[in-house]
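Enquirer: Below you'll find input_23.pdb; it's PDB, C-alpha atoms.
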ATOM      1  CA  MET A   1      -1.536 -45.845 -26.970  1.00  0.00           C
ATOM      2  CA  ARG A   2       1.245 -43.338 -27.459  1.00  0.00           C
ATOM      3  CA  ILE A   3      -1.256 -40.819 -28.850  1.00  0.00           C
ATOM      4  CA  ALA A   4      -3.467 -41.266 -25.770  1.00  0.00           C
ATOM      5  CA  SER A   5      -0.485 -40.616 -23.459  1.00  0.00           C
ATOM      6  CA  THR A   6       0.446 -37.533 -25.431  1.00  0.00           C
ATOM      7  CA  LEU A   7      -3.131 -36.252 -25.284  1.00  0.00           C
ATOM      8  CA  ARG A   8      -3.305 -36.810 -21.494  1.00  0.00           C
ATOM      9  CA  ALA A   9       0.023 -35.018 -20.995  1.00  0.00           C
ATOM     10  CA  THR A  10      -1.126 -32.139 -23.187  1.00  0.00           C
ATOM     11  CA  ALA A  11      -4.434 -31.890 -21.303  1.00  0.00           C
ATOM     12  CA  LEU A  12      -2.576 -31.786 -17.982  1.00  0.00           C
ATOM     13  CA  LEU A  13      -0.207 -29.157 -19.287  1.00  0.00           C
ATOM     14  CA  PHE A  14      -3.100 -26.919 -20.337  1.00  0.00           C
ATOM     15  CA  ALA A  15      -5.072 -27.592 -17.129  1.00  0.00           C
ATOM     16  CA  LEU A  16      -2.156 -26.762 -14.827  1.00  0.00           C
ATOM     17  CA  PRO A  17      -2.499 -22.958 -15.150  1.00  0.00           C
ATOM     18  CA  LEU A  18      -6.240 -23.245 -14.462  1.00  0.00           C
ATOM     19  CA  TRP A  19      -5.574 -25.345 -11.382  1.00  0.00           C
ATOM     20  CA  LEU A  20      -2.846 -22.987 -10.150  1.00  0.00           C
ATOM     21  CA  GLY A  21      -5.074 -19.994 -10.823  1.00  0.00           C
ATOM     22  CA  SER A  22      -7.783 -21.412  -8.600  1.00  0.00           C
ATOM     23  CA  ALA A  23      -5.632 -21.254  -5.475  1.00  0.00           C
ATOM     24  CA  PRO A  24      -7.470 -19.785  -2.505  1.00  0.00           C
ATOM     25  CA  ALA A  25      -7.385 -16.024  -2.157  1.00  0.00           C
ATOM     26  CA  PRO A  26      -4.981 -14.673   0.445  1.00  0.00           C
ATOM     27  CA  ALA A  27      -6.432 -14.136   3.892  1.00  0.00           C
ATOM     28  CA  PRO A  28      -7.462 -10.538   4.525  1.00  0.00           C
ATOM     29  CA  VAL A  29      -5.232  -8.601   6.907  1.00  0.00           C
ATOM     30  CA  ASP A  30      -6.422  -6.778  10.018  1.00  0.00           C
ATOM     31  CA  PRO A  31      -6.665  -3.038   9.281  1.00  0.00           C
ATOM     32  CA  SER A  32      -6.302  -2.216  12.982  1.00  0.00           C
ATOM     33  CA  ALA A  33      -2.551  -2.817  12.483  1.00  0.00           C
ATOM     34  CA  LEU A  34      -2.553   0.662  10.954  1.00  0.00           C
ATOM     35  CA  VAL A  35      -3.683   2.397  14.165  1.00  0.00           C
ATOM     36  CA  GLY A  36      -0.931   4.211  16.042  1.00  0.00           C
ATOM     37  CA  THR A  37       1.830   6.699  15.442  1.00  0.00           C
ATOM     38  CA  TRP A  38       4.194   6.061  12.552  1.00  0.00           C
ATOM     39  CA  THR A  39       7.530   7.770  11.938  1.00  0.00           C
ATOM     40  CA  VAL A  40       7.649   8.523   8.217  1.00  0.00           C
ATOM     41  CA  ASP A  41      11.114   8.883   6.661  1.00  0.00           C
ATOM     42  CA  LEU A  42      10.698  11.334   3.796  1.00  0.00           C
ATOM     43  CA  ARG A  43      14.338  11.648   2.734  1.00  0.00           C
ATOM     44  CA  PRO A  44      14.539  12.771  -0.904  1.00  0.00           C
ATOM     45  CA  THR A  45      17.164  10.187  -1.930  1.00  0.00           C
ATOM     46  CA  PRO A  46      18.387   6.934  -0.355  1.00  0.00           C
ATOM     47  CA  ASP A  47      21.712   8.504   0.686  1.00  0.00           C
ATOM     48  CA  ALA A  48      20.218  11.717   2.137  1.00  0.00           C
ATOM     49  CA  PRO A  49      19.904  12.226   5.906  1.00  0.00           C
ATOM     50  CA  ALA A  50      16.612  11.124   7.411  1.00  0.00           C
ATOM     51  CA  TYR A  51      13.802  13.680   7.399  1.00  0.00           C
ATOM     52  CA  THR A  52      10.908  12.407   9.500  1.00  0.00           C
ATOM     53  CA  GLN A  53       7.335  13.426  10.154  1.00  0.00           C
ATOM     54  CA  PRO A  54       4.733  11.694  12.337  1.00  0.00           C
ATOM     55  CA  PHE A  55       1.748   9.995  10.715  1.00  0.00           C
ATOM     56  CA  ARG A  56      -0.876   9.325  13.379  1.00  0.00           C
ATOM     57  CA  VAL A  57      -3.718   6.944  12.537  1.00  0.00           C
ATOM     58  CA  THR A  58      -6.438   7.339  15.145  1.00  0.00           C
ATOM     59  CA  ALA A  59      -9.158   5.008  13.826  1.00  0.00           C
ATOM     60  CA  VAL A  60     -10.039   2.553  11.080  1.00  0.00           C
ATOM     61  CA  HIS A  61     -13.666   2.060  10.065  1.00  0.00           C
ATOM     62  CA  ASP A  62     -15.510  -0.930   8.634  1.00  0.00           C
ATOM     63  CA  ASP A  63     -16.346   0.993   5.452  1.00  0.00           C
ATOM     64  CA  GLY A  64     -12.680   1.016   4.378  1.00  0.00           C
ATOM     65  CA  THR A  65     -11.884   4.528   5.614  1.00  0.00           C
ATOM     66  CA  PHE A  66      -9.532   5.699   8.344  1.00  0.00           C
ATOM     67  CA  ASP A  67      -8.828   8.853  10.340  1.00  0.00           C
ATOM     68  CA  ALA A  68      -5.291  10.201  10.530  1.00  0.00           C
ATOM     69  CA  LEU A  69      -3.066  13.251  10.901  1.00  0.00           C
ATOM     70  CA  PHE A  70      -0.007  13.922   8.762  1.00  0.00           C
ATOM     71  CA  TYR A  71       2.125  17.047   9.118  1.00  0.00           C
ATOM     72  CA  GLY A  72      -0.220  17.859  12.006  1.00  0.00           C
ATOM     73  CA  ALA A  73      -3.306  18.182   9.787  1.00  0.00           C
ATOM     74  CA  PRO A  74      -6.176  15.763   9.136  1.00  0.00           C
ATOM     75  CA  VAL A  75      -5.772  13.658   6.004  1.00  0.00           C
ATOM     76  CA  GLN A  76      -8.517  13.657   3.392  1.00  0.00           C
ATOM     77  CA  VAL A  77     -10.287  10.806   1.582  1.00  0.00           C
ATOM     78  CA  ALA A  78      -8.292   8.171   3.480  1.00  0.00           C
ATOM     79  CA  ARG A  79      -8.999   4.613   2.311  1.00  0.00           C
ATOM     80  CA  TYR A  80      -7.588   1.167   3.045  1.00  0.00           C
ATOM     81  CA  ASN A  81      -7.905  -2.195   1.335  1.00  0.00           C
ATOM     82  CA  ALA A  82      -7.411  -5.239   3.551  1.00  0.00           C
ATOM     83  CA  ASP A  83      -8.541  -7.859   1.018  1.00  0.00           C
ATOM     84  CA  TRP A  84      -5.014  -8.849  -0.021  1.00  0.00           C
ATOM     85  CA  ASP A  85      -2.063 -10.377   1.773  1.00  0.00           C
ATOM     86  CA  VAL A  86      -0.824  -6.900   2.745  1.00  0.00           C
ATOM     87  CA  LEU A  87      -2.731  -3.798   3.797  1.00  0.00           C
ATOM     88  CA  HIS A  88      -2.923  -1.039   1.153  1.00  0.00           C
ATOM     89  CA  VAL A  89      -3.688   2.574   2.074  1.00  0.00           C
ATOM     90  CA  ALA A  90      -4.208   5.834   0.193  1.00  0.00           C
ATOM     91  CA  PHE A  91      -4.946   9.359   1.352  1.00  0.00           C
ATOM     92  CA  VAL A  92      -4.642  12.997   0.307  1.00  0.00           C
ATOM     93  CA  THR A  93      -3.061  15.978   2.015  1.00  0.00           C
ATOM     94  CA  ARG A  94      -2.681  19.517   0.772  1.00  0.00           C
ATOM     95  CA  ASP A  95      -0.804  22.696   1.508  1.00  0.00           C
ATOM     96  CA  ASN A  96      -0.880  26.140  -0.125  1.00  0.00           C
ATOM     97  CA  SER A  97       0.973  24.923  -3.222  1.00  0.00           C
ATOM     98  CA  THR A  98      -0.279  21.446  -4.107  1.00  0.00           C
ATOM     99  CA  ARG A  99      -2.232  18.288  -3.406  1.00  0.00           C
ATOM    100  CA  TYR A 100      -0.218  15.319  -2.186  1.00  0.00           C
ATOM    101  CA  LEU A 101      -1.503  11.869  -3.160  1.00  0.00           C
ATOM    102  CA  HIS A 102      -0.103   9.223  -0.827  1.00  0.00           C
ATOM    103  CA  ALA A 103      -0.255   5.441  -1.214  1.00  0.00           C
ATOM    104  CA  ALA A 104       1.448   2.715   0.810  1.00  0.00           C
ATOM    105  CA  ARG A 105       1.568  -0.983   1.609  1.00  0.00           C
ATOM    106  CA  LEU A 106       2.079  -2.442   5.074  1.00  0.00           C
ATOM    107  CA  VAL A 107       4.720  -5.165   4.695  1.00  0.00           C
ATOM    108  CA  ASP A 108       6.330  -6.893   7.689  1.00  0.00           C
ATOM    109  CA  GLY A 109       5.379  -4.075  10.056  1.00  0.00           C
ATOM    110  CA  GLN A 110       6.691  -1.298   7.816  1.00  0.00           C
ATOM    111  CA  LEU A 111       4.806   1.053   5.505  1.00  0.00           C
ATOM    112  CA  HIS A 112       6.359   1.405   2.037  1.00  0.00           C
ATOM    113  CA  GLY A 113       4.846   4.370   0.268  1.00  0.00           C
ATOM    114  CA  THR A 114       4.942   7.033  -2.378  1.00  0.00           C
ATOM    115  CA  THR A 115       3.788  10.633  -2.444  1.00  0.00           C
ATOM    116  CA  HIS A 116       2.864  12.367  -5.678  1.00  0.00           C
ATOM    117  CA  ALA A 117       2.873  16.170  -5.456  1.00  0.00           C
ATOM    118  CA  VAL A 118       0.493  16.882  -8.296  1.00  0.00           C
ATOM    119  CA  GLU A 119       1.052  20.572  -9.020  1.00  0.00           C
ATOM    120  CA  ARG A 120       4.726  20.513  -8.006  1.00  0.00           C
ATOM    121  CA  GLY A 121       5.440  17.571 -10.306  1.00  0.00           C
ATOM    122  CA  PHE A 122       7.421  15.212  -8.110  1.00  0.00           C
ATOM    123  CA  LEU A 123       7.097  11.691  -6.783  1.00  0.00           C
ATOM    124  CA  SER A 124       8.806  10.765  -3.539  1.00  0.00           C
ATOM    125  CA  VAL A 125       9.382   7.343  -2.018  1.00  0.00           C
ATOM    126  CA  TRP A 126       9.153   6.827   1.736  1.00  0.00           C
ATOM    127  CA  THR A 127       9.034   4.283   4.536  1.00  0.00           C
ATOM    128  CA  ALA A 128       7.452   4.402   7.987  1.00  0.00           C
ATOM    129  CA  GLU A 129       7.722   2.429  11.208  1.00  0.00           C
ATOM    130  CA  GLN A 130       5.626   2.423  14.380  1.00  0.00           C
TER     131      GLN A 130
END
Can you give me the file's structure in the form of structure tokens?

Expert:
Amino acid sequence: MRIASTLRATALLFALPLWLGSAPAPAPVDPSALVGTWTVDLRPTPDAPAYTQPFRVTAVHDDGTFDALFYGAPVQVARYNADWDVLHVAFVTRDNSTRYLHAARLVDGQLHGTTHAVERGFLSVWTAEQ
């Protein structure tokens, strides 16, 4: 009897991760929350004065792409993923010296992002609010 109880407890213990892992997927988020003008704070360090630039998202499309302007120029290869509990975005900009690879997550109405300047060799952290 004690062996049977131990076996049941062991079976439950091993089944628990499977049961927890089968939780329903998070509800997708609405990508239209991205549309509008965002004020991006690009300060180089947390204690530096704010340095802002507008990020204007003009449209999101059903194929996972969006149209936007950053630093006054159209962004390239802009993509979003709305399949998770927060909206994820990525896009590319460029100037005469480098490509800038941007990625962000929309959390509680604020974008939290990074920018990787490929040829210049730096990674910056930024936030944005509408």

Enquirer: Quick one: everything within 12 Å of Leu123 (chain A), counting all atoms listed in the file, minus sequence neighbours fewer than 3 positions away in the same chain. Send it as a list in words.

Expert: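 Everything that qualifies: Leu42, Arg43, Pro44, Thr45, Arg99, Tyr100, Leu101, His102, Ala103, Gly113, Thr114, Thr115, His116, Ala117, Val118, Glu119, Arg120 and Trp126 of chain A.
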
Enquirer: Can you measure CA of Val75 (chain A) to CA of Val125 (chain A) for me? One decimal in Å is fine.

Expert: 18.3 Å

Enquirer: Find the residue from A:Arg56, A:Arg94, A:His112, A:Arg105 that sits nearest to Ala82 (chain A); use only C-alpha atoms when measuring.

Expert: A:Arg105

Enquirer: Would you mind telling me which residue in A:Gln110, A:Gln130, A:Asn81, A:Thr98 lies nearest to Phe66 (chain A) when using all atoms listed in the file?

Expert: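 Going through A:Gln110, A:Gln130, A:Asn81, A:Thr98 one by one, the smallest distance to Phe66 (chain A) is for A:Asn81.
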
Enquirer: Residues within 8 Å of Val40 (chain A), please, as a list of chain:residue names. Count all atoms listed in the file; anything in the same chain fewer than 2 positions from it doesn't count.

Expert: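 My reading of the contact set: A:Trp38, A:Leu42, A:Thr52, A:Gln53, A:Pro54, A:Phe55, A:Trp126, A:Thr127, A:Ala128, A:Glu129.
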
Enquirer: Would you compute, for all listed atoms of region 80-99 of chain A, the axis-aligned bounding box grown by 6 Å on each side, and then report its centre and edge lengths in Å rounded to one decimal, as AutoDock Vina command-line options?

Expert:
--center_x -3.8 --center_y 7.9 --center_z -0.2 --size_x 21.5 --size_y 48.5 --size_z 19.9

Enquirer: CA of Asp85 (chain A) to CA of Asp30 (chain A): how many Å, to one decimal?

Expert: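 Spanning CA of Asp85 (chain A) to CA of Asp30 (chain A) is a straight-line distance of 10.0 Å.
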
Enquirer: So that I can see what lies close to Val35 (chain A), please list as a list of chain:residue names the residues with an atom at most 7 Å from it, counting only C-alpha atoms and leaving out residues fewer than 5 positions away in the same chain.

Expert: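 Those residues are A:Val57, A:Thr58, A:Ala59.
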
Enquirer: Give me, please, the distance in Å between CA of Arg79 (chain A) and CA of Leu106 (chain A), quoted to one decimal.

Expert: 13.4 Å

Enquirer: Might you spell out which residues the PyMOL selection byres ((chain A and resi 64) around 12) would select in the displayed file, as a PyMOL selection string?

Expert: chain A and resi 30-32+59-63+65-67+77-83+87-91

Enquirer: Could you check which of A:Asp95, A:Phe122, A:Asp47, A:Val86 is closest to Ala33 (chain A), using only C-alpha atoms?

Expert: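 Ranked by minimum distance to Ala33 (chain A), first place goes to A:Val86.
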